[in-house]
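S.K.: Structure below; questions to follow.
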Amino acid sequence: MLKLTNVSLRRGAKLLFENVSFTVHSGQRVGVSGANGCGKSSLFAMVLDKIHADTGDFSIQSGFIIAHVAQELSVTEQAAIEFVIDGDAELRQIQAQLIDAEQQNDGHRAAELYADLDTIHGYTANSRAAILLGGLGFKQADLNNPVSSFSGGWRVRLNLAKALMCRSDILLLDEPTNHLDLDAVIWLQEWLQNYAGTLLMISHDRDFLDAVVGNILHIEQQNATLYTGNYSQFERARAERLAQQQSSFERQQKERAHIQSYVDRFKAKATKAKQAQSRLKALERMEIISAAHIDSPFHFEFYQPERVSNPLIKVEKASLAYGEKVILDGLSLSIKPGDR
């Protein structure tokens, strides 16, 4: 379980959270949404104990293992499959202890460690890692290639596979479908649907969120609200809440204007002064309802150019390669104004 109680958080001078409270229970799959810069990544940093709340309480159930995708891209000569298996830290620890026990001829300790390996399914680690890599688009022939031989996008996939390899209680994913093709996205979607732990995922892929999560944590205006349902259900619920809030705001504004008008008219009259004073106190005690805040829509347009060249783009017998790997060879194309 992950719980925030009256948490406030600043990054520099910017206030991200103010008195935020919510609870994520074990096994929930939660999509984290909100505008860029609202605090989504800072929430992940708090979960990873990299930053701490300025005020309030933040807690995670003791002993929980947290997995996340590393941001840095490794350039190690380690084989891809071994790099991914490193994601299971407990497995690697047992393997190291086993080597040490065997070097010291400690048969009893070695037997205990072999039993531990069996308990954590250590004997299937290679096959599990291979399945993860295959699902993310790696070919069988790639598994023993060094990590440094892959491009940046493929190393991002290796980092993702390493995070999935961890037998975690909480999994943090930040835009996991970036750098993935459609086949890999579909595979990851199915994998996450079967994930038994707690998932917190930042994503702008609405279809992916709809298929994977059962709750949406929406961050806006230094607050965070946990909604039940997938992203489409969240959008409808939020729209209804904003409409109700705006309606309540408008009703209250009319009521306040009516009371203020009465006070202004009769506060100077001796026969009505007591009533006017009573209504003025009621106005002061009234809890203010804020107007509904809706993110400003984003508009853009393309201006008509004064002149257009024809063709817009022309390529003749072009070749493109990454190192010695040829991607395009002998490409010729012409794109004219109005082409689709």
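Going by the structure tokens order, chains are called A, B, ..., each with residues numbered from 1, while ligands are numbered from 1 in the order shown.
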Where does DSSP see helix (DSSP H, G or I) in range 67-245 of chain A, if you list the residues as a ChimeraX atom specification?

M.R.: /A:80-85,89-103,107-119,122-135,140-142,147-149,152-165,182-193,206-212,231-245

S.K.: Excluding range 204-213 of chain A and its own-chain neighbours fewer than 6 positions away, which residues fall within 10 Å of it when counting only C-alpha atoms? Please give them as a PyMOL selection string.

M.R.: chain A and resi 28-34+174-178+185-186+188-195+228-234

S.K.: Write a file of the selected residues as a tab-separated table (two decimals), in the first residue's frame, keeping N, CA and C atoms.

M.R.:
chain	number	residue	atom	x	y	z
A	28	GLN	N	-3.54	-2.50	-7.32
A	28	GLN	CA	-4.19	-1.54	-8.19
A	28	GLN	C	-3.26	-1.15	-9.34
A	29	ARG	N	-3.87	-0.91	-10.50
A	29	ARG	CA	-3.11	-0.40	-11.66
A	29	ARG	C	-3.61	1.01	-11.93
A	30	VAL	N	-2.72	1.98	-11.71
A	30	VAL	CA	-3.11	3.39	-11.71
A	30	VAL	C	-2.37	4.15	-12.80
A	31	GLY	N	-3.12	4.83	-13.65
A	31	GLY	CA	-2.54	5.74	-14.62
A	31	GLY	C	-2.41	7.12	-14.00
A	32	VAL	N	-1.26	7.76	-14.18
A	32	VAL	CA	-1.00	9.09	-13.61
A	32	VAL	C	-1.07	10.10	-14.75
A	33	SER	N	-1.98	11.06	-14.63
A	33	SER	CA	-2.17	12.04	-15.70
A	33	SER	C	-2.06	13.45	-15.16
A	34	GLY	N	-1.90	14.38	-16.08
A	34	GLY	CA	-1.76	15.79	-15.73
A	34	GLY	C	-0.87	16.49	-16.73
A	174	ASP	N	7.20	5.24	-16.84
A	174	ASP	CA	7.03	6.61	-17.36
A	174	ASP	C	7.08	6.55	-18.89
A	175	GLU	N	5.94	6.73	-19.52
A	175	GLU	CA	5.79	6.66	-20.98
A	175	GLU	C	6.43	5.37	-21.54
A	176	PRO	N	5.96	4.21	-21.11
A	176	PRO	CA	6.62	2.96	-21.51
A	176	PRO	C	6.45	2.61	-22.98
A	177	THR	N	5.47	3.19	-23.66
A	177	THR	CA	5.27	2.84	-25.07
A	177	THR	C	6.15	3.64	-26.01
A	178	ASN	N	6.87	4.64	-25.48
A	178	ASN	CA	7.85	5.34	-26.31
A	178	ASN	C	8.90	4.36	-26.81
A	185	VAL	N	3.99	-2.88	-28.24
A	185	VAL	CA	2.98	-2.22	-27.41
A	185	VAL	C	1.88	-3.20	-27.01
A	186	ILE	N	1.41	-3.99	-27.98
A	186	ILE	CA	0.36	-4.98	-27.70
A	186	ILE	C	0.86	-6.03	-26.71
A	188	LEU	N	3.29	-5.62	-24.45
A	188	LEU	CA	3.45	-4.99	-23.13
A	188	LEU	C	2.08	-4.79	-22.48
A	189	GLN	N	1.10	-4.44	-23.26
A	189	GLN	CA	-0.26	-4.27	-22.74
A	189	GLN	C	-0.75	-5.56	-22.08
A	190	GLU	N	-0.56	-6.68	-22.75
A	190	GLU	CA	-0.99	-7.96	-22.20
A	190	GLU	C	-0.18	-8.33	-20.96
A	191	TRP	N	1.12	-8.02	-20.98
A	191	TRP	CA	1.98	-8.34	-19.83
A	191	TRP	C	1.52	-7.55	-18.60
A	192	LEU	N	1.22	-6.28	-18.78
A	192	LEU	CA	0.81	-5.44	-17.65
A	192	LEU	C	-0.58	-5.83	-17.14
A	193	GLN	N	-1.44	-6.31	-18.03
A	193	GLN	CA	-2.76	-6.76	-17.59
A	193	GLN	C	-2.65	-7.95	-16.63
A	194	ASN	N	-1.57	-8.71	-16.77
A	194	ASN	CA	-1.37	-9.88	-15.92
A	194	ASN	C	-0.40	-9.61	-14.75
A	195	TYR	N	0.09	-8.38	-14.65
A	195	TYR	CA	1.03	-8.05	-13.58
A	195	TYR	C	0.30	-8.08	-12.23
A	228	THR	N	-11.90	6.29	-10.08
A	228	THR	CA	-12.12	4.87	-10.39
A	228	THR	C	-12.46	4.73	-11.87
A	229	GLY	N	-11.84	3.76	-12.54
A	229	GLY	CA	-12.12	3.53	-13.95
A	229	GLY	C	-10.90	3.83	-14.81
A	230	ASN	N	-11.01	3.51	-16.09
A	230	ASN	CA	-9.90	3.76	-17.01
A	230	ASN	C	-9.92	5.22	-17.47
A	231	TYR	N	-9.11	5.55	-18.47
A	231	TYR	CA	-8.97	6.96	-18.84
A	231	TYR	C	-10.26	7.54	-19.42
A	232	SER	N	-10.93	6.79	-20.26
A	232	SER	CA	-12.18	7.29	-20.85
A	232	SER	C	-13.22	7.55	-19.77
A	233	GLN	N	-13.31	6.65	-18.79
A	233	GLN	CA	-14.25	6.84	-17.69
A	233	GLN	C	-13.84	8.03	-16.83
A	234	PHE	N	-12.54	8.22	-16.64
A	234	PHE	CA	-12.04	9.38	-15.89
A	234	PHE	C	-12.44	10.68	-16.57

S.K.: How close does range 184-279 of chain A get to range 47-67 of chain A? List, as a Markdown table, each residue of range 184-279 of chain A within 10 Å, its nearest atom pair and the distance in Å to one decimal, counting only C-alpha atoms.

M.R.:
| residue | atom | partner | partner_atom | distance |
| --- | --- | --- | --- | --- |
| A:Gly197 | CA | A:Ile66 | CA | 9.8 |
| A:Thr198 | CA | A:Ile66 | CA | 9.4 |
| A:Leu199 | CA | A:Ala67 | CA | 9.8 |

S.K.: Can you list every residue in range 1-110 of chain A that DSSP puts in strand (DSSP E), as a PyMOL selection string?

M.R.: chain A and resi 2-11+14-24+29-34+55-60+66-68

S.K.: Return the single residue from A:Arg109, A:Lys40, A:Lys281, A:Arg251 that is closest to Gln222 in chain A, with distances computed using only C-alpha atoms.

M.R.: A:Lys40

S.K.: With only C-alpha atoms as the counted atoms, please give the residues lying no more than 7 Å from Ala80 in chain A, apart from itself and same-chain residues fewer than 2 positions off, as a PDB file with C-alpha atoms, in the first residue's frame.

M.R.:
ATOM      1  CA  GLN A  78      27.563  -7.285 -21.058  1.00  0.00           C
ATOM      2  CA  GLU A  82      22.530 -11.029 -18.781  1.00  0.00           C
ATOM      3  CA  PHE A  83      21.825  -7.289 -18.520  1.00  0.00           C
ATOM      4  CA  VAL A  84      18.098  -8.015 -18.295  1.00  0.00           C
ATOM      5  CA  LEU A 143      20.168 -11.964 -26.962  1.00  0.00           C
ATOM      6  CA  ASN A 144      23.898 -12.495 -26.518  1.00  0.00           C
ATOM      7  CA  ASN A 145      24.971  -9.333 -28.312  1.00  0.00           C
ATOM      8  CA  PRO A 146      26.623  -6.703 -26.084  1.00  0.00           C
ATOM      9  CA  VAL A 147      24.391  -3.903 -24.833  1.00  0.00           C
TER      10      VAL A 147
END

S.K.: Record the distance separating CA of Asn6 in chain A and CA of Asn223 in chain A, expressed in Å with one decimal.

M.R.: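 Those two atoms sit 10.2 Å apart.
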
S.K.: Which residues are close to His179 in chain A, i.e. within 8 Å by only C-alpha atoms, leaving aside same-chain residues fewer than 2 positions away? Reply as an NGL selection string.

M.R.: :A and (153-154 or 156-157 or 177 or 181)

S.K.: Residues near Gly37 in chain A, anyone? I mean within 10 Å using only C-alpha atoms, not counting same-chain ones fewer than 3 positions away, as a PDB file with N, CA, C and O atoms, in the first residue's frame.

M.R.:
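The resulting file, result-v3.pdb, is shown below:
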ATOM      1  N   LYS A  14       8.661  26.375  -7.121  1.00  0.00           N
ATOM      2  CA  LYS A  14       7.361  25.939  -7.657  1.00  0.00           C
ATOM      3  C   LYS A  14       6.680  24.966  -6.712  1.00  0.00           C
ATOM      4  O   LYS A  14       7.238  23.931  -6.357  1.00  0.00           O
ATOM      5  N   LEU A  16       4.243  22.096  -6.171  1.00  0.00           N
ATOM      6  CA  LEU A  16       3.646  21.033  -6.976  1.00  0.00           C
ATOM      7  C   LEU A  16       2.428  20.419  -6.298  1.00  0.00           C
ATOM      8  O   LEU A  16       1.397  20.217  -6.927  1.00  0.00           O
ATOM      9  N   GLY A  34      -1.896  14.384 -16.085  1.00  0.00           N
ATOM     10  CA  GLY A  34      -1.757  15.793 -15.727  1.00  0.00           C
ATOM     11  C   GLY A  34      -0.870  16.494 -16.726  1.00  0.00           C
ATOM     12  O   GLY A  34      -0.123  15.852 -17.474  1.00  0.00           O
ATOM     13  N   LYS A  40       4.145  14.856 -11.934  1.00  0.00           N
ATOM     14  CA  LYS A  40       4.055  13.399 -12.112  1.00  0.00           C
ATOM     15  C   LYS A  40       5.401  12.727 -11.847  1.00  0.00           C
ATOM     16  O   LYS A  40       5.486  11.751 -11.091  1.00  0.00           O
ATOM     17  N   SER A  41       6.469  13.248 -12.471  1.00  0.00           N
ATOM     18  CA  SER A  41       7.791  12.656 -12.269  1.00  0.00           C
ATOM     19  C   SER A  41       8.282  12.871 -10.840  1.00  0.00           C
ATOM     20  O   SER A  41       8.996  12.019 -10.290  1.00  0.00           O
ATOM     21  N   SER A  42       7.900  13.979 -10.233  1.00  0.00           N
ATOM     22  CA  SER A  42       8.282  14.234  -8.838  1.00  0.00           C
ATOM     23  C   SER A  42       7.599  13.242  -7.905  1.00  0.00           C
ATOM     24  O   SER A  42       8.187  12.814  -6.904  1.00  0.00           O
ATOM     25  N   GLU A 220      -3.591  18.269 -10.846  1.00  0.00           N
ATOM     26  CA  GLU A 220      -3.802  19.613 -11.382  1.00  0.00           C
ATOM     27  C   GLU A 220      -3.990  20.579 -10.224  1.00  0.00           C
ATOM     28  O   GLU A 220      -4.491  20.215  -9.160  1.00  0.00           O
TER      29      GLU A 220
END
